[in-house]
Every structure is written in C-alpha cells, then in structure tokens.
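The file query15.pdb comes next; it holds PDB, C-alpha atoms, pLDDT in the B column.
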```
MODEL        1
ATOM      1  CA  MET A   6     -18.046   0.116   5.390  1.00 52.00           C
ATOM      2  CA  GLN A   7     -15.929   2.640   3.526  1.00 67.00           C
ATOM      3  CA  ASP A   8     -17.132   3.742   0.156  1.00 86.00           C
ATOM      4  CA  ILE A   9     -14.994   3.027  -2.887  1.00 85.00           C
ATOM      5  CA  ASP A  10     -13.750   6.624  -3.238  1.00 89.00           C
ATOM      6  CA  GLU A  11     -12.506   6.693   0.368  1.00 92.00           C
ATOM      7  CA  LEU A  12     -10.789   3.336  -0.054  1.00 91.00           C
ATOM      8  CA  HIS A  13      -9.177   4.443  -3.301  1.00 92.00           C
ATOM      9  CA  SER A  14      -7.900   7.660  -1.701  1.00 95.00           C
ATOM     10  CA  HIS A  15      -6.500   5.718   1.233  1.00 96.00           C
ATOM     11  CA  LEU A  16      -4.871   3.258  -1.142  1.00 96.00           C
ATOM     12  CA  GLU A  17      -3.195   6.061  -3.081  1.00 97.00           C
ATOM     13  CA  ARG A  18      -1.842   7.630   0.133  1.00 98.00           C
ATOM     14  CA  GLN A  19      -0.458   4.277   1.235  1.00 98.00           C
ATOM     15  CA  ARG A  20       1.109   3.646  -2.180  1.00 98.00           C
ATOM     16  CA  ARG A  21       2.848   7.023  -1.991  1.00 98.00           C
ATOM     17  CA  ARG A  22       4.119   6.153   1.473  1.00 98.00           C
ATOM     18  CA  LEU A  23       5.474   2.856   0.159  1.00 98.00           C
ATOM     19  CA  THR A  24       7.195   4.652  -2.701  1.00 98.00           C
ATOM     20  CA  ARG A  25       8.854   7.076  -0.278  1.00 98.00           C
ATOM     21  CA  LEU A  26      10.077   4.196   1.896  1.00 98.00           C
ATOM     22  CA  VAL A  27      11.512   2.390  -1.138  1.00 98.00           C
ATOM     23  CA  GLU A  28      13.210   5.523  -2.468  1.00 98.00           C
ATOM     24  CA  ARG A  29      14.771   6.238   0.925  1.00 97.00           C
ATOM     25  CA  ALA A  30      16.031   2.665   1.252  1.00 97.00           C
ATOM     26  CA  LEU A  31      17.537   2.777  -2.239  1.00 97.00           C
ATOM     27  CA  ARG A  32      19.317   6.065  -1.500  1.00 97.00           C
ATOM     28  CA  GLN A  33      20.740   4.533   1.680  1.00 96.00           C
ATOM     29  CA  GLY A  34      21.770   1.343  -0.095  1.00 97.00           C
ATOM     30  CA  ARG A  35      19.524  -0.881   2.024  1.00 96.00           C
ATOM     31  CA  ALA A  36      18.073  -4.147   0.748  1.00 96.00           C
ATOM     32  CA  LEU A  37      14.367  -3.775   0.035  1.00 95.00           C
ATOM     33  CA  ALA A  38      13.501  -7.421   0.632  1.00 95.00           C
ATOM     34  CA  THR A  39      14.677  -7.317   4.238  1.00 95.00           C
ATOM     35  CA  ASP A  40      13.394  -3.871   5.231  1.00 97.00           C
ATOM     36  CA  ALA A  41      10.640  -4.460   7.807  1.00 97.00           C
ATOM     37  CA  ALA A  42       8.937  -1.102   7.216  1.00 97.00           C
ATOM     38  CA  ILE A  43       8.773  -1.663   3.465  1.00 98.00           C
ATOM     39  CA  LEU A  44       7.448  -5.188   3.867  1.00 98.00           C
ATOM     40  CA  ALA A  45       4.771  -4.059   6.330  1.00 98.00           C
ATOM     41  CA  GLN A  46       3.723  -1.174   4.090  1.00 98.00           C
ATOM     42  CA  SER A  47       3.630  -3.465   1.077  1.00 98.00           C
ATOM     43  CA  ARG A  48       1.299  -5.843   2.929  1.00 98.00           C
ATOM     44  CA  SER A  49      -0.906  -2.894   3.870  1.00 97.00           C
ATOM     45  CA  VAL A  50      -1.105  -1.801   0.228  1.00 98.00           C
ATOM     46  CA  ASP A  51      -1.902  -5.384  -0.808  1.00 98.00           C
ATOM     47  CA  ARG A  52      -4.798  -5.544   1.678  1.00 97.00           C
ATOM     48  CA  LEU A  53      -6.185  -2.241   0.406  1.00 96.00           C
ATOM     49  CA  ILE A  54      -5.926  -3.385  -3.208  1.00 96.00           C
ATOM     50  CA  ASN A  55      -7.920  -6.474  -2.268  1.00 95.00           C
ATOM     51  CA  LYS A  56     -10.580  -4.351  -0.543  1.00 93.00           C
ATOM     52  CA  VAL A  57     -10.909  -2.015  -3.515  1.00 92.00           C
ATOM     53  CA  THR A  58     -11.147  -4.999  -5.871  1.00 92.00           C
ATOM     54  CA  GLU A  59     -13.823  -6.637  -3.715  1.00 90.00           C
ATOM     55  CA  GLN A  60     -15.897  -3.467  -3.578  1.00 89.00           C
ATOM     56  CA  ARG A  61     -15.637  -2.957  -7.329  1.00 87.00           C
ATOM     57  CA  ARG A  62     -16.922  -6.490  -7.809  1.00 88.00           C
ATOM     58  CA  GLY A  63     -19.847  -5.713  -5.533  1.00 82.00           C
ATOM     59  CA  GLY A  64     -18.564  -7.594  -2.489  1.00 65.00           C
ATOM     60  CA  ALA A  65     -18.403  -6.530   1.122  1.00 56.00           C
TER      61      ALA A  65
ENDMDL
END
```

What is this file in structure tokens?
Amino acid sequence: MQDIDELHSHLERQRRRLTRLVERALRQGRALATDAAILAQSRSVDRLINKVTEQRRGGA
C-alpha cells in the first residue's frame, strides 16, 4: 500500500500531465471530449483522487 504522501505526489504529477495534454489539444484546436489520451489520463486522475480520498478516510 502506498502512503498518502506518495499517492498525493503521484496524483499531482498525473494532474500536471493532464493539464499539458489539454493545453496541447486546445492549441491544436482538437476537441477535448473525443481525445483518447485526455480521456484516459482523466480516468487515471479520477482513480487516484478516489484512492487519496479513501486513504484520508482511513480506508484501504
């Protein structure tokens, strides 16, 4: 099990990656809602947010 600080750091790195993907897509005029890389990264960030939330609540 990762500790909360490691999970939070990983979450922040993944959020930054998502931001870069979104910014690049916007510069290129691509639709965000259909960009597979953005959608996959967004799901990854969502999963990490859930993990951090669970650990803060004292869950697994």

Legend entry - Among listed residues A:Ala38, A:Leu44, A:Ala30, A:Val57, nearest Glu17 in chain A (using only C-alpha atoms): A:Val57

Inset, instruction - Go through the shown structure with the PyMOL selection byres ((chain A and resi 9) around 9) and write out the matching residues as a PyMOL selection string. - result: chain A and resi 7-8+10-14+56-57+60-61

Legend entry - Selected residue of minimal separation from Ala42 in chain A among A:Leu16, A:Ile54, A:Glu59, A:Thr24, counting only C-alpha atoms: A:Thr24

Inset, instruction - For Arg22 in chain A, list every protein, DNA or RNA residue within 10 Å, evaluated using all atoms listed in the file, and leave out those in the same chain fewer than 6 positions away; present the list as JSON, numbers by chain. - result: {"A": [16, 28, 43, 46, 47, 50]}

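Of the listed residues (A:Thr39, A:Ala45, A:Arg52, A:Arg62), A:Ala45 comes nearest to Leu23 in chain A; the distances count all atoms listed in the file.
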
Using the file's own x, y and z axes, so that the box edges lie along x, y and z, what centre and edge lengths in Å (one decimal) does a box around every listed atom of range 22-38 of chain A get when 5 Å is added on each side? Give it as JSON.
```
{"center_x": 12.9, "center_y": -0.2, "center_z": -0.3, "size_x": 27.7, "size_y": 24.5, "size_z": 14.7}
```
